[in-house]
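Heads up, target38.txt below (compact mmCIF, C-alpha atoms):
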# COMPACT_ATOMS: atom_id res chain seq x y z
CA MET A 1 13.71 -9.51 -4.91
CA ARG A 2 17.18 -9.91 -3.41
CA THR A 3 16.07 -8.58 -0.02
CA LEU A 4 13.04 -10.85 0.03
CA THR A 5 15.09 -13.86 -1.08
CA GLU A 6 17.67 -13.33 1.65
CA ARG A 7 14.99 -12.93 4.32
CA LEU A 8 13.06 -16.01 3.25
CA ARG A 9 16.20 -18.11 2.77
CA ALA A 10 17.07 -17.42 6.41
CA GLU A 11 13.49 -18.11 7.49
CA SER A 12 13.39 -21.42 5.62
CA GLY A 13 16.81 -22.54 6.79
CA GLY A 14 18.09 -22.56 3.21
CA THR A 15 16.36 -25.83 2.38
CA ALA A 16 16.33 -27.50 -1.03
CA ALA A 17 12.60 -26.70 -1.22
CA PHE A 18 13.39 -23.00 -0.86
CA GLU A 19 16.06 -23.09 -3.56
CA ARG A 20 13.68 -24.87 -5.92
CA LEU A 21 10.95 -22.25 -5.45
CA ALA A 22 13.43 -19.38 -5.75
CA ALA A 23 14.82 -20.72 -9.03
CA THR A 24 11.82 -22.18 -10.85
CA ASP A 25 10.12 -20.53 -13.80
CA ASP A 26 7.15 -22.90 -13.55
CA HIS A 27 4.16 -20.75 -12.63
CA ASP A 28 1.97 -23.81 -12.09
CA LEU A 29 4.41 -25.10 -9.48
CA LEU A 30 4.37 -21.73 -7.71
CA ALA A 31 0.57 -21.50 -7.87
CA GLY A 32 0.35 -25.00 -6.42
CA VAL A 33 2.18 -23.83 -3.32
CA LEU A 34 -0.59 -21.28 -2.72
CA THR A 35 -3.33 -23.93 -2.71
CA ALA A 36 -1.58 -26.95 -1.20
CA PRO A 37 -2.29 -27.58 2.49
CA GLY A 38 0.46 -27.40 5.10
CA GLN A 39 2.80 -25.05 3.21
CA PRO A 40 4.99 -22.85 5.44
CA LEU A 41 4.44 -19.11 5.32
CA TRP A 42 7.82 -18.44 3.72
CA ALA A 43 6.90 -20.73 0.80
CA ARG A 44 3.54 -19.06 0.28
CA GLU A 45 5.10 -15.62 0.39
CA LEU A 46 7.86 -16.52 -2.06
CA ALA A 47 5.41 -18.13 -4.48
CA ALA A 48 2.95 -15.23 -4.27
CA PHE A 49 5.69 -12.63 -4.72
CA ARG A 50 7.19 -14.35 -7.75
CA LEU A 51 3.80 -14.86 -9.39
CA GLY A 52 2.68 -11.31 -8.59
CA THR A 53 5.75 -9.64 -10.03
CA ALA A 54 5.31 -11.79 -13.14
CA GLY A 55 1.72 -10.57 -13.55
CA ASP A 56 0.08 -13.92 -12.72
CA ARG A 57 -3.25 -13.11 -11.06
CA ARG A 58 -3.36 -16.41 -9.19
CA ALA A 59 -1.23 -14.60 -6.61
CA PHE A 60 -3.88 -11.99 -5.81
CA GLU A 61 -5.58 -13.49 -2.74
CA ALA A 62 -2.32 -14.52 -1.08
CA LEU A 63 -0.75 -11.12 -1.67
CA VAL A 64 -3.75 -9.29 -0.20
CA LEU A 65 -3.50 -11.41 2.95
CA LEU A 66 0.22 -10.61 3.18
CA LEU A 67 -0.46 -6.90 2.62
CA ASN A 68 -2.27 -6.86 5.97
CA HIS A 69 0.25 -8.99 7.86
CA ARG A 70 1.64 -7.95 11.25
CA ASP A 71 5.20 -8.23 9.86
CA PRO A 72 6.02 -4.97 8.01
CA SER A 73 8.56 -6.68 5.73
CA ARG A 74 5.85 -9.05 4.44
CA CYS A 75 3.49 -6.11 3.92
CA ALA A 76 6.14 -4.20 1.96
CA ALA A 77 6.92 -7.18 -0.28
CA ALA A 78 3.22 -7.81 -0.93
CA ALA A 79 2.62 -4.14 -1.78
CA TYR A 80 5.53 -4.22 -4.23
CA ALA A 81 4.17 -7.33 -5.95
CA LEU A 82 0.58 -6.05 -6.01
CA GLY A 83 1.78 -2.83 -7.60
CA ARG A 84 3.12 -4.87 -10.50
CA LEU A 85 0.39 -7.50 -10.70
CA GLY A 86 -2.04 -5.45 -12.78
CA ASP A 87 -5.14 -6.96 -11.17
CA PRO A 88 -8.16 -4.60 -11.26
CA ARG A 89 -9.24 -5.83 -7.82
CA THR A 90 -6.09 -4.52 -6.14
CA ALA A 91 -7.17 -0.93 -5.49
CA ARG A 92 -10.49 -1.97 -3.97
CA ALA A 93 -8.73 -4.45 -1.67
CA ALA A 94 -6.10 -1.90 -0.64
CA ALA A 95 -8.81 0.70 0.07
CA ALA A 96 -10.69 -1.79 2.26
CA LEU A 97 -7.53 -2.55 4.25
CA ALA A 98 -6.52 1.11 4.57
CA THR A 99 -9.93 2.12 5.95
CA ASN A 100 -10.40 -0.84 8.32
CA GLU A 101 -10.10 0.71 11.79
CA LEU A 102 -9.66 -2.72 13.37
CA ARG A 103 -6.44 -3.18 11.35
CA VAL A 104 -5.18 0.39 11.25
CA ALA A 105 -1.87 -0.65 12.83
CA TYR A 106 -1.13 -2.46 9.55
CA ALA A 107 -2.50 0.18 7.17
CA LEU A 108 0.79 1.84 6.20
CA HIS A 109 1.54 -0.28 3.15
CA PRO A 110 -2.04 -0.38 1.85
CA VAL A 111 -2.04 3.43 2.04
CA ARG A 112 1.23 3.70 0.12
CA LEU A 113 -0.01 1.18 -2.45
CA LEU A 114 -3.16 3.22 -3.05
CA ALA A 115 -1.09 6.30 -3.86
CA GLU A 116 1.06 4.26 -6.23
CA LEU A 117 -1.93 2.76 -8.06
CA ARG A 118 -3.64 6.14 -8.65
CA ALA A 119 -6.98 4.31 -8.96
CA PRO A 120 -10.41 5.94 -8.43
CA GLU A 121 -10.63 4.34 -4.97
CA ALA A 122 -7.40 5.98 -3.78
CA VAL A 123 -8.40 9.55 -2.93
CA PRO A 124 -11.65 8.75 -1.02
CA ALA A 125 -9.89 6.01 0.97
CA LEU A 126 -6.89 8.20 1.86
CA ILE A 127 -9.15 11.09 2.88
CA THR A 128 -11.20 8.78 5.13
CA THR A 129 -8.11 7.24 6.71
CA LEU A 130 -6.40 10.60 7.26
CA ARG A 131 -9.49 12.23 8.77
CA ARG A 132 -9.67 9.45 11.37
CA ARG A 133 -5.99 9.90 12.18
CA LEU A 134 -6.51 13.59 13.00
CA ARG A 135 -8.26 12.76 16.26
CA PRO A 136 -6.46 13.88 19.43
CA HIS A 137 -3.73 11.49 20.65
CA ASP A 138 -4.04 9.14 17.67
CA PRO A 139 -0.99 6.82 17.81
CA TYR A 140 -0.79 6.05 14.08
CA ARG A 141 1.20 9.06 12.90
CA ARG A 142 3.12 7.09 10.25
CA VAL A 143 -0.18 6.08 8.65
CA ALA A 144 -1.37 9.70 8.78
CA LEU A 145 1.86 10.95 7.22
CA ALA A 146 1.62 8.36 4.44
CA CYS A 147 -1.92 9.57 3.72
CA VAL A 148 -0.79 13.20 3.53
CA GLU A 149 2.10 12.30 1.22
CA GLY A 150 -0.12 10.09 -0.92
CA LEU A 151 -2.75 12.78 -1.32
CA GLY A 152 -0.01 15.17 -2.37
CA GLU A 153 1.16 12.70 -5.01
CA LEU A 154 -2.38 12.30 -6.30
CA GLY A 155 -2.97 16.07 -6.40
CA ASP A 156 -6.76 15.81 -6.21
CA PRO A 157 -8.68 18.95 -5.15
CA ARG A 158 -11.04 16.80 -3.04
CA ALA A 159 -8.18 16.39 -0.54
CA GLU A 160 -7.75 20.11 0.11
CA SER A 161 -10.08 20.26 3.12
CA VAL A 162 -8.54 17.37 5.06
CA LEU A 163 -5.01 18.54 4.22
CA ASN A 164 -5.86 21.96 5.63
CA GLU A 165 -7.00 20.21 8.81
CA ALA A 166 -3.67 18.34 8.92
CA LEU A 167 -1.82 21.67 9.06
CA ALA A 168 -2.85 21.95 12.72
CA HIS A 169 -0.87 18.82 13.60
CA PRO A 170 2.87 19.53 14.05
CA ALA A 171 3.93 16.04 12.92
CA LEU A 172 2.00 16.48 9.65
CA ALA A 173 2.16 20.21 8.98
CA GLU A 174 5.24 20.32 6.75
CA ALA A 175 4.08 17.40 4.63
CA ALA A 176 0.60 18.94 4.40
CA VAL A 177 2.06 22.22 3.10
CA HIS A 178 3.92 20.33 0.37
CA ALA A 179 0.84 18.25 -0.46
CA LEU A 180 -1.39 21.31 -0.76
CA ALA A 181 1.16 22.95 -3.06
CA ARG A 182 0.77 20.02 -5.46
CA ILE A 183 -3.00 20.39 -5.79
CA PRO A 184 -3.76 22.39 -8.95
CA ARG A 185 -5.85 25.51 -8.66
CA GLN A 186 -9.15 24.95 -10.43
CA GLY A 187 -9.72 27.26 -13.37
CA GLY A 188 -6.45 29.11 -12.91
CA ALA A 189 -5.93 31.69 -10.17
CA ARG A 190 -8.85 31.96 -7.77
CA GLY A 191 -10.79 35.14 -7.41
CA ARG A 192 -9.81 36.59 -10.80
CA ILE A 193 -12.42 38.89 -12.34
CA PRO A 194 -13.20 38.00 -15.98
CA GLY A 195 -11.29 40.25 -18.39
CA GLN A 196 -8.87 41.38 -15.68
CA ARG A 197 -5.11 40.79 -16.21
Just give me the structure as C-alpha cells.
Amino acid sequence: MRTLTERLRAESGGTAAFERLAATDDHDLLAGVLTAPGQPLWARELAAFRLGTAGDRRAFEALVLLLNHRDPSRCAAAAYALGRLGDPRTARAAAALATNELRVAYALHPVRLLAELRAPEAVPALITTLRRRLRPHDPYRRVALACVEGLGELGDPRAESVLNEALAHPALAEAAVHALARIPRQGGARGRIPGQR
C-alpha cells in the first residue's frame, strides 16, 4: 500500500483529491470514483486497490482492466488486490488474460496471480501459456519462467509433460527441474511390483 500510495501521490501531484481518497474509509465514495466519468487513472487505481484489498467486489472490473495494463506497476498492484478480493470470477479472468496471445506481453502478473489463487482454472491456463512460450525464439521468457514456477507451486501431475519440454530451454531448465521435483509421484514410487519392498 505504501509503494502504491507514493507512486500515485506523485502521479496526482499530491492534490487534495488524492489525499481524500487515500484517507477515506467510505467505500461508497471509492466506488463512486470507479463509475464517475472523467476520473483520472490514478484515482481509479487508488479506489479500486483500496476496495479490492478490503474485499469489496465493486472493484472487480476495474482491477481486471488494470491487471492487463501496459504499466507493470499497475499490473502488480491490481494482482495484489485481486488476490485479496475473494471474488470467484477472478481466476477465470486471470486465465483469460494469461492465455490471450494478443496481450502476452502483459501476461506476467495474470500468470503469477493464477498460481497464487490455486483455482481449478490455474493449471490448464499455465500449461497452455507455457507451451506457447516454448516455440523457438519466443521473446517472452519472463512469462514462461513464471509459468514454470507457478506450475511447480501448484504441483499438479498434469504439468509434467510441458515441464519436461521446458527442460530443453536453457533459460527455463533449472526452474523446470525444481518444478518437476515438487510434483508428487502418483501412487508412490513408479514401477514398483505389488508385494515387493
Enumerate, as an MDAnalysis selection string, the protein, DNA and RNA residues whose atoms approach (15.0, -21.0, -7.0) to within 12 Å, taking into account all atoms listed in the file and the coordinate frame of the file. chainID A and resid 1:2 5:6 8:9 14:26 29:30 43 46:47 50
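You can rank A:Ala76, A:Ala91, A:Leu117, A:Leu41 by their closest distance to A:Ala62 using all atoms listed in the file, and at the top of that list sits A:Leu41.
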Rank nothing, just name the residue among A:Tyr140, A:Ala179, A:Ala94, A:Cys147 nearest to A:Glu160, using all atoms listed in the file. A:Ala179
Identify, on the basis of only C-alpha atoms, every residue whose closest approach to stretch 70-75 of chain A does not exceed 9 Å; exclude the query and any residue fewer than 5 positions from it along the same chain; express the result as a ChimeraX atom specification. /A:4,45,63-65,80,105-106,108-110
Would you output that residue set with C-alpha atoms, as a PDB file, keeping the file's coordinate frame?
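Written output follows (result.pdb):
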ATOM      1  CA  LEU A   4      13.040 -10.850   0.030  1.00  0.00           C
ATOM      2  CA  GLU A  45       5.100 -15.620   0.390  1.00  0.00           C
ATOM      3  CA  LEU A  63      -0.750 -11.120  -1.670  1.00  0.00           C
ATOM      4  CA  VAL A  64      -3.750  -9.290  -0.200  1.00  0.00           C
ATOM      5  CA  LEU A  65      -3.500 -11.410   2.950  1.00  0.00           C
ATOM      6  CA  TYR A  80       5.530  -4.220  -4.230  1.00  0.00           C
ATOM      7  CA  ALA A 105      -1.870  -0.650  12.830  1.00  0.00           C
ATOM      8  CA  TYR A 106      -1.130  -2.460   9.550  1.00  0.00           C
ATOM      9  CA  LEU A 108       0.790   1.840   6.200  1.00  0.00           C
ATOM     10  CA  HIS A 109       1.540  -0.280   3.150  1.00  0.00           C
ATOM     11  CA  PRO A 110      -2.040  -0.380   1.850  1.00  0.00           C
TER      12      PRO A 110
END
Find the spatial neighbours of A:Glu116, counting all atoms listed in the file, within a cut-off of 8 Å - ignore same-chain residues fewer than 2 positions away - and output them as a list in words. Gly83, Arg112, Leu113, Leu114, Arg118 and Gly150 of chain A
Compile the contact shell of A:Ala31 as number ranges by chain: residues with an atom at most 10 Å away, counting all atoms listed in the file, same-chain residues fewer than 2 positions apart removed. A: 26-29, 33-36, 44, 47-48, 50-51, 56-59
From A:Pro139, A:Arg103, A:Ser161, A:Val148, residue lying nearest A:Ala175 [only C-alpha atoms]: A:Val148
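Reported to one decimal place, the separation of atom CA of A:Trp42 from atom CA of A:Ser12 is 6.6 Å.
For A:Glu121, the list of residues within 7 Å, based on all atoms listed in the file and with local chain neighbours fewer than 4 positions off taken out, reads A:Ala91, A:Arg92, A:Ala95, A:Ala125.
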Between atom CA of A:Arg185 and atom CA of A:Arg141, distance in Å (one decimal): 28.0 Å
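The two atoms in question, atom CA of A:Leu126 and atom CA of A:Ala77, are spaced 20.8 Å apart.
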Kindly indicate which residue among A:Glu153, A:Ala78, A:Ala159, A:Ala166 lies nearest to A:Arg182, using all atoms listed in the file for the distances. A:Glu153
Non-local contacts of A:Ala181 (9 Å; all atoms listed in the file; under 4 positions in same chain excluded) as number ranges by chain: A: 152, 155, 176-177
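Of the residues under consideration (A:Phe49, A:Arg158, A:Val104, A:Val143), A:Arg158 shows the shortest atom-to-atom contact distance to A:Ile127 when counting only C-alpha atoms.
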Which of these residues is nearest to A:Leu66, using only C-alpha atoms: A:Leu102, A:Ala79, A:Leu167, A:Ala54? A:Ala79
Could you give me stretch 44-79 of chain A completed to N, CA and C atoms, formatted as an mmCIF file, keeping the file's coordinate frame?
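Output saved as out.cif:
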data_model
loop_
_atom_site.group_PDB
_atom_site.id
_atom_site.type_symbol
_atom_site.label_atom_id
_atom_site.label_comp_id
_atom_site.auth_asym_id
_atom_site.auth_seq_id
_atom_site.Cartn_x
_atom_site.Cartn_y
_atom_site.Cartn_z
ATOM 1 N N ARG A 44 4.683 -19.770 0.866
ATOM 2 C CA ARG A 44 3.540 -19.060 0.280
ATOM 3 C C ARG A 44 3.930 -17.636 -0.125
ATOM 4 N N GLU A 45 4.699 -16.990 0.719
ATOM 5 C CA GLU A 45 5.100 -15.620 0.390
ATOM 6 C C GLU A 45 5.996 -15.591 -0.848
ATOM 7 N N LEU A 46 6.953 -16.488 -0.910
ATOM 8 C CA LEU A 46 7.860 -16.520 -2.060
ATOM 9 C C LEU A 46 7.098 -16.807 -3.342
ATOM 10 N N ALA A 47 6.194 -17.791 -3.298
ATOM 11 C CA ALA A 47 5.410 -18.130 -4.480
ATOM 12 C C ALA A 47 4.527 -16.974 -4.908
ATOM 13 N N ALA A 48 3.843 -16.346 -3.943
ATOM 14 C CA ALA A 48 2.950 -15.230 -4.270
ATOM 15 C C ALA A 48 3.726 -14.054 -4.842
ATOM 16 N N PHE A 49 4.875 -13.747 -4.250
ATOM 17 C CA PHE A 49 5.690 -12.630 -4.720
ATOM 18 C C PHE A 49 6.158 -12.867 -6.157
ATOM 19 N N ARG A 50 6.657 -14.068 -6.408
ATOM 20 C CA ARG A 50 7.190 -14.350 -7.750
ATOM 21 C C ARG A 50 6.079 -14.344 -8.795
ATOM 22 N N LEU A 51 4.923 -14.892 -8.454
ATOM 23 C CA LEU A 51 3.800 -14.860 -9.390
ATOM 24 C C LEU A 51 3.303 -13.432 -9.586
ATOM 25 N N GLY A 52 3.189 -12.680 -8.497
ATOM 26 C CA GLY A 52 2.680 -11.310 -8.590
ATOM 27 C C GLY A 52 3.555 -10.421 -9.444
ATOM 28 N N THR A 53 4.849 -10.488 -9.234
ATOM 29 C CA THR A 53 5.750 -9.640 -10.030
ATOM 30 C C THR A 53 5.809 -10.077 -11.486
ATOM 31 N N ALA A 54 5.380 -11.303 -11.756
ATOM 32 C CA ALA A 54 5.310 -11.790 -13.140
ATOM 33 C C ALA A 54 3.951 -11.515 -13.775
ATOM 34 N N GLY A 55 3.033 -10.911 -13.005
ATOM 35 C CA GLY A 55 1.720 -10.570 -13.550
ATOM 36 C C GLY A 55 0.724 -11.719 -13.559
ATOM 37 N N ASP A 56 0.971 -12.766 -12.783
ATOM 38 C CA ASP A 56 0.080 -13.920 -12.720
ATOM 39 C C ASP A 56 -0.953 -13.681 -11.611
ATOM 40 N N ARG A 57 -2.206 -13.519 -12.004
ATOM 41 C CA ARG A 57 -3.250 -13.110 -11.060
ATOM 42 C C ARG A 57 -3.639 -14.195 -10.064
ATOM 43 N N ARG A 58 -3.113 -15.383 -10.193
ATOM 44 C CA ARG A 58 -3.360 -16.410 -9.190
ATOM 45 C C ARG A 58 -2.746 -16.034 -7.846
ATOM 46 N N ALA A 59 -1.875 -15.044 -7.849
ATOM 47 C CA ALA A 59 -1.230 -14.600 -6.610
ATOM 48 C C ALA A 59 -2.081 -13.614 -5.816
ATOM 49 N N PHE A 60 -3.161 -13.122 -6.394
ATOM 50 C CA PHE A 60 -3.880 -11.990 -5.810
ATOM 51 C C PHE A 60 -4.301 -12.210 -4.361
ATOM 52 N N GLU A 61 -5.043 -13.281 -4.088
ATOM 53 C CA GLU A 61 -5.580 -13.490 -2.740
ATOM 54 C C GLU A 61 -4.468 -13.606 -1.701
ATOM 55 N N ALA A 62 -3.424 -14.358 -2.032
ATOM 56 C CA ALA A 62 -2.320 -14.520 -1.080
ATOM 57 C C ALA A 62 -1.615 -13.200 -0.823
ATOM 58 N N LEU A 63 -1.434 -12.398 -1.847
ATOM 59 C CA LEU A 63 -0.750 -11.120 -1.670
ATOM 60 C C LEU A 63 -1.588 -10.148 -0.831
ATOM 61 N N VAL A 64 -2.899 -10.161 -1.005
ATOM 62 C CA VAL A 64 -3.750 -9.290 -0.200
ATOM 63 C C VAL A 64 -3.681 -9.681 1.277
ATOM 64 N N LEU A 65 -3.654 -10.969 1.556
ATOM 65 C CA LEU A 65 -3.500 -11.410 2.950
ATOM 66 C C LEU A 65 -2.160 -10.941 3.519
ATOM 67 N N LEU A 66 -1.105 -11.033 2.721
ATOM 68 C CA LEU A 66 0.220 -10.610 3.180
ATOM 69 C C LEU A 66 0.311 -9.091 3.332
ATOM 70 N N LEU A 67 -0.461 -8.367 2.542
ATOM 71 C CA LEU A 67 -0.460 -6.900 2.620
ATOM 72 C C LEU A 67 -0.943 -6.411 3.978
ATOM 73 N N ASN A 68 -1.704 -7.226 4.672
ATOM 74 C CA ASN A 68 -2.270 -6.860 5.970
ATOM 75 C C ASN A 68 -1.641 -7.666 7.107
ATOM 76 N N HIS A 69 -0.434 -8.160 6.871
ATOM 77 C CA HIS A 69 0.250 -8.990 7.860
ATOM 78 C C HIS A 69 0.862 -8.126 8.959
ATOM 79 N N ARG A 70 1.056 -8.717 10.132
ATOM 80 C CA ARG A 70 1.640 -7.950 11.250
ATOM 81 C C ARG A 70 3.130 -7.689 11.059
ATOM 82 N N ASP A 71 3.779 -8.414 10.140
ATOM 83 C CA ASP A 71 5.200 -8.230 9.860
ATOM 84 C C ASP A 71 5.359 -7.201 8.738
ATOM 85 N N PRO A 72 5.918 -6.018 9.030
ATOM 86 C CA PRO A 72 6.020 -4.970 8.010
ATOM 87 C C PRO A 72 6.791 -5.391 6.757
ATOM 88 N N SER A 73 7.781 -6.271 6.903
ATOM 89 C CA SER A 73 8.560 -6.680 5.730
ATOM 90 C C SER A 73 7.693 -7.502 4.780
ATOM 91 N N ARG A 74 6.780 -8.289 5.309
ATOM 92 C CA ARG A 74 5.850 -9.050 4.440
ATOM 93 C C ARG A 74 4.878 -8.095 3.756
ATOM 94 N N CYS A 75 4.389 -7.101 4.507
ATOM 95 C CA CYS A 75 3.490 -6.110 3.920
ATOM 96 C C CYS A 75 4.161 -5.364 2.764
ATOM 97 N N ALA A 76 5.407 -4.963 2.980
ATOM 98 C CA ALA A 76 6.140 -4.200 1.960
ATOM 99 C C ALA A 76 6.345 -5.038 0.704
ATOM 100 N N ALA A 77 6.712 -6.299 0.873
ATOM 101 C CA ALA A 77 6.920 -7.180 -0.280
ATOM 102 C C ALA A 77 5.616 -7.405 -1.038
ATOM 103 N N ALA A 78 4.523 -7.595 -0.290
ATOM 104 C CA ALA A 78 3.220 -7.810 -0.930
ATOM 105 C C ALA A 78 2.784 -6.562 -1.697
ATOM 106 N N ALA A 79 2.993 -5.380 -1.103
ATOM 107 C CA ALA A 79 2.620 -4.140 -1.780
ATOM 108 C C ALA A 79 3.412 -3.977 -3.079
#
